[in-house]
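Undergrad: This is run_31.pdb, which holds PDB, C-alpha atoms and all ligand atoms:
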```
MODEL        1
ATOM      1  CA  MET S   1      25.942 218.456 150.947
ATOM      2  CA  PRO S   2      26.490 220.985 148.120
ATOM      3  CA  THR S   3      23.430 222.839 146.811
ATOM      4  CA  THR S   4      25.053 224.494 143.785
ATOM      5  CA  PRO S   5      25.032 221.910 140.987
ATOM      6  CA  ALA S   6      28.173 219.870 140.418
ATOM      7  CA  ARG S   7      29.443 220.416 136.852
ATOM      8  CA  LEU S   8      29.653 217.232 134.771
ATOM      9  CA  GLY S   9      31.709 217.654 131.591
ATOM     10  CA  THR S  10      30.558 215.698 128.569
ATOM     11  CA  ARG S  11      31.273 215.423 124.865
ATOM     12  CA  ARG S  12      28.539 216.831 122.651
ATOM     13  CA  SER S  13      27.401 213.729 120.784
ATOM     14  CA  THR S  14      23.969 212.243 121.463
ATOM     15  CA  MET S  15      25.632 209.151 122.905
ATOM     16  CA  ALA S  16      27.844 211.157 125.274
ATOM     17  CA  THR S  17      25.128 213.505 126.488
ATOM     18  CA  SER S  18      22.653 210.653 126.930
ATOM     19  CA  GLN S  19      25.052 208.553 129.001
ATOM     20  CA  SER S  20      26.186 211.584 131.003
ATOM     21  CA  GLN S  21      22.605 212.573 131.727
ATOM     22  CA  ARG S  22      21.852 209.061 132.888
ATOM     23  CA  VAL S  23      24.786 209.104 135.316
ATOM     24  CA  ALA S  24      23.756 212.591 136.513
ATOM     25  CA  ASP S  25      20.185 211.452 137.158
ATOM     26  CA  THR S  26      21.292 208.319 139.023
ATOM     27  CA  LEU S  27      23.717 210.320 141.154
ATOM     28  CA  THR S  28      21.053 212.892 142.042
ATOM     29  CA  ALA S  29      18.512 210.151 142.820
ATOM     30  CA  ARG S  30      20.973 208.313 145.073
ATOM     31  CA  THR S  31      22.655 211.268 146.809
ATOM     32  CA  GLY S  32      20.401 214.319 146.411
ATOM     33  CA  VAL S  33      23.259 216.308 144.837
ATOM     34  CA  PRO S  34      22.160 218.395 141.821
ATOM     35  CA  VAL S  35      24.307 217.938 138.690
ATOM     36  CA  GLU S  36      24.500 220.111 135.545
ATOM     37  CA  LEU S  37      25.954 219.060 132.184
ATOM     38  CA  VAL S  38      28.725 221.167 130.626
ATOM     39  CA  LEU S  39      29.340 220.488 126.905
ATOM     40  CA  ILE S  40      33.009 220.206 125.880
ATOM     41  CA  THR S  41      34.272 219.789 122.289
ATOM     42  CA  SER S  42      36.985 217.148 121.863
ATOM     43  CA  PHE S  43      39.525 216.792 119.065
ATOM     44  CA  GLY S  44      38.154 213.316 118.319
ATOM     45  CA  ASP S  45      34.755 214.874 117.594
ATOM     46  CA  VAL S  46      35.989 217.389 115.026
ATOM     47  CA  THR S  47      38.725 215.580 113.140
ATOM     48  CA  ARG S  48      37.893 213.466 110.112
ATOM     49  CA  ALA S  49      41.093 211.408 110.304
ATOM     50  CA  HIS S  50      40.775 207.672 110.682
ATOM     51  CA  LEU S  51      40.976 206.470 114.293
ATOM     52  CA  THR S  52      44.171 204.506 113.668
ATOM     53  CA  GLN S  53      45.848 207.609 112.205
ATOM     54  CA  LEU S  54      45.155 209.912 115.131
ATOM     55  CA  GLY S  55      48.440 208.965 116.769
ATOM     56  CA  GLY S  56      47.442 207.257 119.942
ATOM     57  CA  THR S  57      44.670 206.745 122.402
ATOM     58  CA  GLY S  58      42.678 209.304 124.267
ATOM     59  CA  VAL S  59      41.453 211.528 121.446
ATOM     60  CA  PHE S  60      37.974 211.452 122.903
ATOM     61  CA  VAL S  61      38.957 212.108 126.513
ATOM     62  CA  ASN S  62      41.740 214.684 126.439
ATOM     63  CA  ALA S  63      39.490 217.730 126.203
ATOM     64  CA  LEU S  64      37.490 216.522 129.201
ATOM     65  CA  ARG S  65      40.667 215.871 131.166
ATOM     66  CA  ASP S  66      41.960 219.335 130.334
ATOM     67  CA  ALA S  67      38.681 220.833 131.588
ATOM     68  CA  LEU S  68      38.986 218.810 134.819
ATOM     69  CA  LEU S  69      42.547 219.926 135.458
ATOM     70  CA  ALA S  70      41.629 223.546 134.657
ATOM     71  CA  GLY S  71      38.832 223.407 137.232
ATOM     72  CA  ASP S  72      36.106 224.120 134.648
ATOM     73  CA  ILE S  73      34.169 221.007 135.669
ATOM     74  CA  GLU S  74      34.020 218.806 138.798
ATOM     75  CA  PHE S  75      33.803 215.455 137.051
ATOM     76  CA  ALA S  76      33.545 213.789 133.655
ATOM     77  CA  VAL S  77      31.836 210.711 132.256
ATOM     78  CA  HIS S  78      33.671 208.759 129.546
ATOM     79  CA  SER S  79      32.944 205.527 127.708
ATOM     80  CA  LEU S  80      35.428 203.356 129.546
ATOM     81  CA  LYS S  81      36.665 201.783 126.334
ATOM     82  CA  ASP S  82      37.827 205.211 125.113
ATOM     83  CA  LEU S  83      39.899 205.803 128.251
ATOM     84  CA  PRO S  84      43.658 205.201 127.850
ATOM     85  CA  THR S  85      44.977 202.557 130.258
ATOM     86  CA  ALA S  86      47.739 204.833 131.588
ATOM     87  CA  PRO S  87      46.556 206.764 134.664
ATOM     88  CA  ALA S  88      46.272 210.538 134.189
ATOM     89  CA  ASP S  89      48.309 212.674 136.614
ATOM     90  CA  GLY S  90      46.113 214.198 139.302
ATOM     91  CA  LEU S  91      42.953 212.400 138.160
ATOM     92  CA  THR S  92      41.261 209.261 139.402
ATOM     93  CA  LEU S  93      38.398 206.922 138.495
ATOM     94  CA  ALA S  94      35.838 207.817 141.154
ATOM     95  CA  ALA S  95      33.383 205.241 139.814
ATOM     96  CA  VAL S  96      32.898 202.577 137.179
ATOM     97  CA  THR S  97      29.210 202.149 136.430
ATOM     98  CA  GLU S  98      27.412 198.836 136.081
ATOM     99  CA  ARG S  99      28.098 197.553 132.592
ATOM    100  CA  ASP S 100      25.432 197.591 129.873
ATOM    101  CA  ASP S 101      25.374 194.903 127.202
ATOM    102  CA  PRO S 102      29.057 194.553 126.174
ATOM    103  CA  ARG S 103      28.389 192.950 122.773
ATOM    104  CA  ASP S 104      28.906 194.285 119.270
ATOM    105  CA  ALA S 105      25.859 194.507 117.037
ATOM    106  CA  LEU S 106      25.259 194.337 113.296
ATOM    107  CA  CYS S 107      22.905 196.810 111.657
ATOM    108  CA  ALA S 108      22.338 195.487 108.135
ATOM    109  CA  ARG S 109      20.037 196.334 105.236
ATOM    110  CA  ASP S 110      16.811 194.361 104.881
ATOM    111  CA  GLY S 111      17.066 192.867 108.380
ATOM    112  CA  LEU S 112      19.951 190.600 107.296
ATOM    113  CA  LYS S 113      21.878 188.494 109.820
ATOM    114  CA  PHE S 114      25.681 188.378 109.580
ATOM    115  CA  ALA S 115      25.614 184.788 108.254
ATOM    116  CA  ASP S 116      23.123 185.791 105.545
ATOM    117  CA  LEU S 117      25.045 188.746 104.071
ATOM    118  CA  PRO S 118      25.842 187.843 100.441
ATOM    119  CA  PRO S 119      29.575 187.396  99.658
ATOM    120  CA  GLY S 120      31.208 190.730  98.804
ATOM    121  CA  SER S 121      28.800 192.724 100.974
ATOM    122  CA  THR S 122      30.286 195.900 102.431
ATOM    123  CA  VAL S 123      30.510 196.139 106.228
ATOM    124  CA  GLY S 124      31.511 199.488 107.745
ATOM    125  CA  THR S 125      33.543 199.708 110.937
ATOM    126  CA  GLY S 126      36.427 201.910 112.008
ATOM    127  CA  SER S 127      37.745 199.410 114.523
ATOM    128  CA  PRO S 128      40.680 197.105 113.673
ATOM    129  CA  ARG S 129      39.506 194.820 116.503
ATOM    130  CA  ARG S 130      36.159 194.349 114.792
ATOM    131  CA  VAL S 131      37.588 194.018 111.278
ATOM    132  CA  ALA S 132      40.073 191.379 112.451
ATOM    133  CA  GLN S 133      37.523 189.236 114.232
ATOM    134  CA  LEU S 134      34.811 189.659 111.594
ATOM    135  CA  ALA S 135      37.278 188.813 108.810
ATOM    136  CA  ALA S 136      38.187 185.619 110.687
ATOM    137  CA  LEU S 137      34.486 184.619 110.585
ATOM    138  CA  ARG S 138      33.615 185.931 107.108
ATOM    139  CA  PRO S 139      36.730 186.551 104.956
ATOM    140  CA  ASP S 140      34.388 186.885 101.949
ATOM    141  CA  LEU S 141      32.971 190.269 103.039
ATOM    142  CA  ARG S 142      34.473 193.706 102.349
ATOM    143  CA  TYR S 143      35.335 195.703 105.461
ATOM    144  CA  VAL S 144      35.224 199.441 104.938
ATOM    145  CA  PRO S 145      36.763 201.902 107.430
ATOM    146  CA  ILE S 146      34.226 204.517 108.559
ATOM    147  CA  ARG S 147      34.121 207.251 111.148
ATOM    148  CA  GLY S 148      31.534 209.517 112.634
ATOM    149  CA  ASN S 149      28.946 209.183 115.351
ATOM    150  CA  ALA S 150      26.491 206.299 115.548
ATOM    151  CA  GLU S 151      23.765 208.172 113.646
ATOM    152  CA  THR S 152      26.164 209.032 110.779
ATOM    153  CA  ARG S 153      27.275 205.404 110.534
ATOM    154  CA  LEU S 154      23.716 204.067 110.518
ATOM    155  CA  GLY S 155      22.917 206.601 107.791
ATOM    156  CA  LYS S 156      25.372 204.825 105.471
ATOM    157  CA  VAL S 157      23.139 201.729 105.577
ATOM    158  CA  SER S 158      19.857 203.573 105.061
ATOM    159  CA  SER S 159      21.418 205.483 102.126
ATOM    160  CA  ALA S 160      22.590 202.117 100.677
ATOM    161  CA  GLU S 161      26.227 203.303 100.659
ATOM    162  CA  LEU S 162      27.022 200.205 102.769
ATOM    163  CA  ASP S 163      25.252 196.886 103.296
ATOM    164  CA  ALA S 164      25.896 196.906 107.052
ATOM    165  CA  VAL S 165      27.733 198.577 109.919
ATOM    166  CA  VAL S 166      28.953 197.135 113.224
ATOM    167  CA  LEU S 167      28.593 199.168 116.411
ATOM    168  CA  ALA S 168      28.503 198.571 120.152
ATOM    169  CA  ARG S 169      25.010 197.519 121.221
ATOM    170  CA  ALA S 170      25.311 199.609 124.397
ATOM    171  CA  GLY S 171      25.946 202.772 122.404
ATOM    172  CA  LEU S 172      23.036 202.061 120.058
ATOM    173  CA  GLY S 173      20.786 201.753 123.093
ATOM    174  CA  ARG S 174      21.970 205.124 124.393
ATOM    175  CA  VAL S 175      21.063 206.863 121.135
ATOM    176  CA  GLY S 176      17.702 205.083 120.909
ATOM    177  CA  ARG S 177      18.629 203.023 117.833
ATOM    178  CA  LEU S 178      18.295 199.415 119.052
ATOM    179  CA  GLY S 179      15.570 199.067 116.423
ATOM    180  CA  ASP S 180      18.309 199.164 113.743
ATOM    181  CA  VAL S 181      20.059 196.070 115.157
ATOM    182  CA  THR S 182      19.640 193.003 112.935
ATOM    183  CA  ASP S 183      22.146 190.664 114.663
ATOM    184  CA  VAL S 184      24.223 190.553 117.831
ATOM    185  CA  PHE S 185      27.660 188.912 118.120
ATOM    186  CA  GLU S 186      28.139 186.692 121.153
ATOM    187  CA  VAL S 187      31.310 187.574 123.071
ATOM    188  CA  ASP S 188      32.985 184.287 122.116
ATOM    189  CA  GLN S 189      32.463 185.156 118.401
ATOM    190  CA  VAL S 190      33.603 188.781 118.525
ATOM    191  CA  LEU S 191      35.288 189.705 121.794
ATOM    192  CA  PRO S 192      34.328 193.257 122.765
ATOM    193  CA  ALA S 193      36.807 196.045 123.394
ATOM    194  CA  PRO S 194      38.147 196.124 126.949
ATOM    195  CA  GLY S 195      35.649 198.133 129.012
ATOM    196  CA  GLN S 196      32.956 198.143 126.336
ATOM    197  CA  GLY S 197      29.530 198.987 127.747
ATOM    198  CA  ALA S 198      30.842 200.468 131.009
ATOM    199  CA  LEU S 199      31.185 204.143 131.869
ATOM    200  CA  ALA S 200      34.032 205.787 133.770
ATOM    201  CA  VAL S 201      33.440 208.660 136.168
ATOM    202  CA  GLU S 202      36.648 210.655 136.464
ATOM    203  CA  CYS S 203      37.527 213.525 138.813
ATOM    204  CA  ARG S 204      40.513 215.236 140.424
ATOM    205  CA  GLU S 205      42.245 212.864 142.852
ATOM    206  CA  ALA S 206      41.941 215.089 145.913
ATOM    207  CA  ASP S 207      38.190 215.646 145.359
ATOM    208  CA  ALA S 208      37.415 211.900 145.158
ATOM    209  CA  ARG S 209      38.330 211.397 148.809
ATOM    210  CA  ASP S 210      36.740 214.641 149.934
ATOM    211  CA  THR S 211      34.121 216.904 148.311
ATOM    212  CA  LEU S 212      33.176 214.391 145.608
ATOM    213  CA  SER S 213      33.123 211.197 147.690
ATOM    214  CA  TRP S 214      29.402 210.911 146.787
ATOM    215  CA  LEU S 215      30.409 209.915 143.230
ATOM    216  CA  ALA S 216      31.022 206.435 144.698
ATOM    217  CA  ALA S 217      27.211 206.061 144.727
ATOM    218  CA  VAL S 218      27.357 204.924 141.068
ATOM    219  CA  ASP S 219      30.390 202.650 141.453
ATOM    220  CA  HIS S 220      29.707 198.978 140.659
ATOM    221  CA  PRO S 221      32.537 196.857 142.161
ATOM    222  CA  PRO S 222      31.965 193.722 140.019
ATOM    223  CA  THR S 223      32.174 195.824 136.829
ATOM    224  CA  ARG S 224      35.278 197.576 138.151
ATOM    225  CA  ALA S 225      36.944 194.205 138.763
ATOM    226  CA  ALA S 226      35.977 192.882 135.322
ATOM    227  CA  VAL S 227      37.129 195.945 133.386
ATOM    228  CA  THR S 228      40.362 196.050 135.390
ATOM    229  CA  ALA S 229      41.237 192.554 134.173
ATOM    230  CA  GLU S 230      40.348 193.530 130.577
ATOM    231  CA  ARG S 231      42.307 196.790 130.616
ATOM    232  CA  VAL S 232      45.396 195.154 132.118
ATOM    233  CA  VAL S 233      45.487 192.823 129.094
ATOM    234  CA  LEU S 234      45.462 195.873 126.807
ATOM    235  CA  ALA S 235      48.142 197.653 128.854
ATOM    236  CA  GLU S 236      50.427 194.596 129.056
ATOM    237  CA  LEU S 237      50.206 194.118 125.301
ATOM    238  CA  GLU S 238      51.157 197.803 124.984
ATOM    239  CA  ALA S 239      48.174 198.268 122.756
ATOM    240  CA  GLY S 240      45.811 201.203 122.479
ATOM    241  CA  CYS S 241      42.091 201.533 121.861
ATOM    242  CA  ALA S 242      42.692 201.194 118.102
ATOM    243  CA  ALA S 243      44.502 197.836 118.451
ATOM    244  CA  PRO S 244      42.989 194.520 117.352
ATOM    245  CA  VAL S 245      42.579 193.409 120.982
ATOM    246  CA  GLY S 246      39.329 192.071 122.411
ATOM    247  CA  ALA S 247      38.897 191.205 126.080
ATOM    248  CA  HIS S 248      35.929 190.346 128.205
ATOM    249  CA  ALA S 249      35.676 189.335 131.866
ATOM    250  CA  GLU S 250      32.592 188.258 133.751
ATOM    251  CA  PHE S 251      31.715 186.625 137.030
ATOM    252  CA  THR S 252      30.615 183.015 136.731
ATOM    253  CA  ALA S 253      27.822 181.437 138.778
ATOM    254  CA  ASP S 254      30.411 179.932 141.147
ATOM    255  CA  GLY S 255      31.929 183.353 141.863
ATOM    256  CA  ARG S 256      35.041 183.183 139.710
ATOM    257  CA  LEU S 257      36.122 186.028 137.467
ATOM    258  CA  ARG S 258      36.580 184.555 133.993
ATOM    259  CA  LEU S 259      38.655 186.490 131.460
ATOM    260  CA  ARG S 260      38.786 185.833 127.733
ATOM    261  CA  ALA S 261      41.015 187.764 125.341
ATOM    262  CA  ALA S 262      41.998 187.687 121.688
ATOM    263  CA  VAL S 263      44.545 189.426 119.506
ATOM    264  CA  VAL S 264      43.731 188.947 115.848
ATOM    265  CA  ALA S 265      45.789 190.100 112.844
ATOM    266  CA  THR S 266      43.846 192.756 110.967
ATOM    267  CA  ASP S 267      43.317 190.476 107.964
ATOM    268  CA  GLY S 268      41.919 187.779 110.268
ATOM    269  CA  THR S 269      44.547 185.201 109.309
ATOM    270  CA  ARG S 270      46.507 184.953 112.576
ATOM    271  CA  ALA S 271      45.119 185.014 116.105
ATOM    272  CA  VAL S 272      46.216 184.397 119.674
ATOM    273  CA  ARG S 273      43.372 183.662 122.056
ATOM    274  CA  GLY S 274      43.417 182.957 125.748
ATOM    275  CA  GLU S 275      41.201 182.330 128.709
ATOM    276  CA  ARG S 276      41.698 181.962 132.463
ATOM    277  CA  ALA S 277      39.691 182.401 135.627
ATOM    278  CA  VAL S 278      40.369 183.179 139.260
ATOM    279  CA  ALA S 279      38.319 182.841 142.457
ATOM    280  CA  VAL S 280      38.671 186.501 143.425
ATOM    281  CA  ALA S 281      36.988 185.970 146.808
ATOM    282  CA  ASP S 282      40.140 184.084 147.871
ATOM    283  CA  PHE S 283      42.114 187.330 147.653
ATOM    284  CA  PRO S 284      41.975 190.314 150.032
ATOM    285  CA  ASP S 285      41.616 192.834 147.204
ATOM    286  CA  THR S 286      39.290 191.978 144.298
ATOM    287  CA  VAL S 287      40.666 194.631 141.940
ATOM    288  CA  GLN S 288      44.264 193.515 142.574
ATOM    289  CA  ALA S 289      43.270 189.897 141.945
ATOM    290  CA  ALA S 290      41.581 190.993 138.698
ATOM    291  CA  ALA S 291      44.720 192.874 137.637
ATOM    292  CA  ALA S 292      46.858 189.802 138.357
ATOM    293  CA  LEU S 293      44.451 187.719 136.262
ATOM    294  CA  GLY S 294      44.862 190.132 133.350
ATOM    295  CA  ARG S 295      48.667 190.176 133.661
ATOM    296  CA  GLY S 296      48.853 186.384 133.753
ATOM    297  CA  LEU S 297      46.719 185.976 130.666
ATOM    298  CA  ALA S 298      48.538 188.734 128.766
ATOM    299  CA  HIS S 299      51.935 187.146 129.463
ATOM    300  CA  GLU S 300      50.683 183.764 128.307
ATOM    301  CA  MET S 301      49.415 185.403 125.098
ATOM    302  CA  ILE S 302      52.714 187.246 124.569
ATOM    303  CA  GLN S 303      54.478 183.850 124.781
ATOM    304  CA  GLY S 304      52.123 182.812 121.993
ATOM    305  CA  GLY S 305      53.124 185.791 119.800
ATOM    306  CA  ALA S 306      50.351 188.275 120.626
ATOM    307  CA  ASP S 307      52.781 191.191 120.897
ATOM    308  CA  ARG S 308      53.994 190.536 117.336
ATOM    309  CA  ILE S 309      50.439 190.818 116.010
ATOM    310  CA  VAL S 310      49.896 194.084 117.928
ATOM    311  CA  ALA S 311      53.163 195.514 116.575
ATOM    312  CA  ASP S 312      52.326 194.519 112.988
ATOM    313  CA  ALA S 313      48.877 196.092 113.301
ATOM    314  CA  ALA S 314      50.403 199.326 114.633
ATOM    315  CA  GLU S 315      52.816 199.503 111.661
ATOM    316  CA  GLY S 316      50.246 199.025 108.925
ATOM    317  CA  LYS S 317      48.054 201.886 110.044
ATOM    318  CA  GLU S 318      45.664 201.686 107.147
ATOM    319  CA  ILE S 319      43.143 198.860 107.459
TER     320      ILE S 319
HETATM  321  N1  LIG S 401      34.797 204.638 120.151
HETATM  322  C1  LIG S 401      33.488 205.180 120.140
HETATM  323  C2  LIG S 401      32.617 204.539 121.162
HETATM  324  N2  LIG S 401      32.935 204.609 122.456
HETATM  325  C3  LIG S 401      31.986 203.889 123.164
HETATM  326  C4  LIG S 401      31.064 203.395 122.247
HETATM  327  C5  LIG S 401      29.908 202.546 122.550
HETATM  328  C6  LIG S 401      29.447 202.465 123.964
HETATM  329  C7  LIG S 401      30.334 201.685 124.888
HETATM  330  O1  LIG S 401      31.077 200.790 124.481
HETATM  331  O2  LIG S 401      30.275 201.954 126.092
HETATM  332  C8  LIG S 401      31.449 203.814 120.974
HETATM  333  C9  LIG S 401      30.778 203.543 119.693
HETATM  334  C10 LIG S 401      30.922 202.144 119.190
HETATM  335  O3  LIG S 401      31.944 201.481 119.409
HETATM  336  O4  LIG S 401      30.003 201.657 118.532
ENDMDL
END
```
The structure in this file should be written as structure tokens.
Ligand SMILES: NCc1[nH]cc(CCC(=O)O)c1CC(=O)O
TA:
Amino acid sequence: MPTTPARLGTRRSTMATSQSQRVADTLTARTGVPVELVLITSFGDVTRAHLTQLGGTGVFVNALRDALLAGDIEFAVHSLKDLPTAPADGLTLAAVTERDDPRDALCARDGLKFADLPPGSTVGTGSPRRVAQLAALRPDLRYVPIRGNAETRLGKVSSAELDAVVLARAGLGRVGRLGDVTDVFEVDQVLPAPGQGALAVECREADARDTLSWLAAVDHPPTRAAVTAERVVLAELEAGCAAPVGAHAEFTADGRLRLRAAVVATDGTRAVRGERAVAVADFPDTVQAAAALGRGLAHEMIQGGADRIVADAAEGKEI
């Protein structure tokens, strides 16, 4: 067992350092291996461009991946929903942590619920997925693209620049701001981003089987199966993290993995939704069964025109 600390690369934001520290602490508690955090600046943290204009997925993870490949760190913790679906050469997902609350949350002025926002109220979110699904529920609100970390976004409500913002509840918990939440969207109202609420532990492929095999101590196989199904939907639709695609999988009481997905046009007027479930225990490999579930649902949705909606959303970059 190594006695020099393993270096865990993290982005600098409060959310990133808090979730990285939590993974580090759990790993040390479960394995005895000391872990130190190494702060890395990513392009996604410094640019002010809108997420849909950054030209693809991975803006938040590339700096960490570069540091891994350069040998500056042993492993990295990412928000799984920020991780591109394409595998990175030489790297592997050593663990997927048990998912936190996957739902999106509203933080509104005066404790307002979503249904009680007056018509014309301004709702800030940088995510086409959220805008599309929220606009389908409340076309009478004004959706305003915003960027910045969770604290910056919440500040736009307290300064009265916006009436509300929508953020992931899991992230708000990690920055200690659950007290700002005034409403929570059930997953059948606003489907979360694939992987939302789960963390990915990434390392060099060779190390995962060898010197870093202890990272498996934070792997949560049911979460890995669920997020695999969700991410396959995203990959099959050839959509990135900025696409209007929601997907959520969960195990039902009778042991089936149930996957729901939605592709919604950014103005909320067109949508293709789908749902299917599989008894994963009937298959030798749970993750492969989950991937097959995701592929099946994605193909059914493509038959229904989901790929057209994704392509249209990618063309009209401004939301
Ligand atoms: N794209 C930024 C990002 N990446 C992960 C989270 C939240 C935490 C999570 O989903 O694990 C957030 C902020 C947000 O969407 O509100």
Undergrad: Run through the PyMOL selection byres (((not hetatm)) within 7 of (chain S and resi 401)) on the given coordinates and return the selected residues as an MDAnalysis selection string.
TA: chainID S and resid 79:82 102 150 167:168 170:171 195:199
Undergrad: Suppose you want the space between CA of Gly274 (chain S) and CA of Phe114 (chain S); what is it in Å?
TA: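 Computed distance, CA of Gly274 (chain S) to CA of Phe114 (chain S), equals 24.6 Å.
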Undergrad: Take CA of Thr152 (chain S) and CA of Ala16 (chain S) and report the distance between them in Å, one decimal.
TA: 14.7 Å
Undergrad: For Ala217 (chain S), which residue among S:Thr41, S:Asn62, S:Thr92, S:Thr97 is the nearest when counting all atoms listed in the file?
TA: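 Among S:Thr41, S:Asn62, S:Thr92, S:Thr97, it is S:Thr97 that comes nearest to Ala217 (chain S).
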Undergrad: For the point (30.3, 211.6, 126.2) in file coordinates, what residues are within 8 Å, counting all atoms listed in the file? Give the answer as a PDB file with C-alpha atoms, in the frame of the given file?
TA:
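As written to disk, point_15.pdb reads:
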```
ATOM      1  CA  THR S  10      30.558 215.698 128.569  1.00  0.00           C
ATOM      2  CA  ARG S  11      31.273 215.423 124.865  1.00  0.00           C
ATOM      3  CA  ARG S  12      28.539 216.831 122.651  1.00  0.00           C
ATOM      4  CA  SER S  13      27.401 213.729 120.784  1.00  0.00           C
ATOM      5  CA  THR S  14      23.969 212.243 121.463  1.00  0.00           C
ATOM      6  CA  MET S  15      25.632 209.151 122.905  1.00  0.00           C
ATOM      7  CA  ALA S  16      27.844 211.157 125.274  1.00  0.00           C
ATOM      8  CA  THR S  17      25.128 213.505 126.488  1.00  0.00           C
ATOM      9  CA  SER S  18      22.653 210.653 126.930  1.00  0.00           C
ATOM     10  CA  GLN S  19      25.052 208.553 129.001  1.00  0.00           C
ATOM     11  CA  SER S  20      26.186 211.584 131.003  1.00  0.00           C
ATOM     12  CA  VAL S  77      31.836 210.711 132.256  1.00  0.00           C
ATOM     13  CA  HIS S  78      33.671 208.759 129.546  1.00  0.00           C
ATOM     14  CA  SER S  79      32.944 205.527 127.708  1.00  0.00           C
TER      15      SER S  79
END
```
Undergrad: Looking at only C-alpha atoms, which of S:Ala313, S:Ala115, S:Ala63, S:Ala24 is the one that sits closest to Gly268 (chain S)?
TA: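 Closest residue, counting only C-alpha atoms: S:Ala313.
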Undergrad: When you draw a straight line from CA of Val165 (chain S) to CA of Pro128 (chain S), how long is it in Å?
TA: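 These atoms are spaced 13.6 Å apart.
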Undergrad: Restore N, CA, C and O atoms in region 260-271 of chain S and list the result as an mmCIF file, in the frame of the given file.
TA:
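The resulting part.cif:
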```cif
data_model
loop_
_atom_site.group_PDB
_atom_site.id
_atom_site.type_symbol
_atom_site.label_atom_id
_atom_site.label_comp_id
_atom_site.auth_asym_id
_atom_site.auth_seq_id
_atom_site.Cartn_x
_atom_site.Cartn_y
_atom_site.Cartn_z
ATOM 1 N N ARG S 260 38.442 186.315 129.067
ATOM 2 C CA ARG S 260 38.786 185.833 127.733
ATOM 3 C C ARG S 260 39.398 186.990 126.958
ATOM 4 O O ARG S 260 38.940 188.133 127.106
ATOM 5 N N ALA S 261 40.402 186.701 126.133
ATOM 6 C CA ALA S 261 41.015 187.764 125.341
ATOM 7 C C ALA S 261 41.456 187.202 123.997
ATOM 8 O O ALA S 261 41.685 185.992 123.852
ATOM 9 N N ALA S 262 41.545 188.090 123.015
ATOM 10 C CA ALA S 262 41.998 187.687 121.688
ATOM 11 C C ALA S 262 42.761 188.831 121.043
ATOM 12 O O ALA S 262 42.400 190.004 121.201
ATOM 13 N N VAL S 263 43.833 188.477 120.359
ATOM 14 C CA VAL S 263 44.545 189.426 119.506
ATOM 15 C C VAL S 263 44.522 188.800 118.119
ATOM 16 O O VAL S 263 44.969 187.672 117.944
ATOM 17 N N VAL S 264 43.931 189.528 117.176
ATOM 18 C CA VAL S 264 43.731 188.947 115.848
ATOM 19 C C VAL S 264 44.378 189.875 114.815
ATOM 20 O O VAL S 264 44.149 191.084 114.846
ATOM 21 N N ALA S 265 45.180 189.299 113.914
ATOM 22 C CA ALA S 265 45.789 190.100 112.844
ATOM 23 C C ALA S 265 44.671 190.742 112.034
ATOM 24 O O ALA S 265 43.607 190.151 111.854
ATOM 25 N N THR S 266 44.934 191.967 111.554
ATOM 26 C CA THR S 266 43.846 192.756 110.967
ATOM 27 C C THR S 266 43.205 192.085 109.756
ATOM 28 O O THR S 266 42.060 192.350 109.441
ATOM 29 N N ASP S 267 43.942 191.174 109.092
ATOM 30 C CA ASP S 267 43.317 190.476 107.964
ATOM 31 C C ASP S 267 42.633 189.186 108.419
ATOM 32 O O ASP S 267 42.116 188.428 107.595
ATOM 33 N N GLY S 268 42.638 188.920 109.734
ATOM 34 C CA GLY S 268 41.919 187.779 110.268
ATOM 35 C C GLY S 268 42.641 186.446 110.118
ATOM 36 O O GLY S 268 42.111 185.406 110.495
ATOM 37 N N THR S 269 43.883 186.475 109.602
ATOM 38 C CA THR S 269 44.547 185.201 109.309
ATOM 39 C C THR S 269 45.285 184.617 110.513
ATOM 40 O O THR S 269 45.417 183.408 110.621
ATOM 41 N N ARG S 270 45.797 185.456 111.391
ATOM 42 C CA ARG S 270 46.507 184.953 112.576
ATOM 43 C C ARG S 270 45.782 185.439 113.817
ATOM 44 O O ARG S 270 45.272 186.556 113.844
ATOM 45 N N ALA S 271 45.775 184.612 114.862
ATOM 46 C CA ALA S 271 45.119 185.014 116.105
ATOM 47 C C ALA S 271 45.775 184.321 117.288
ATOM 48 O O ALA S 271 46.259 183.201 117.172
#
```
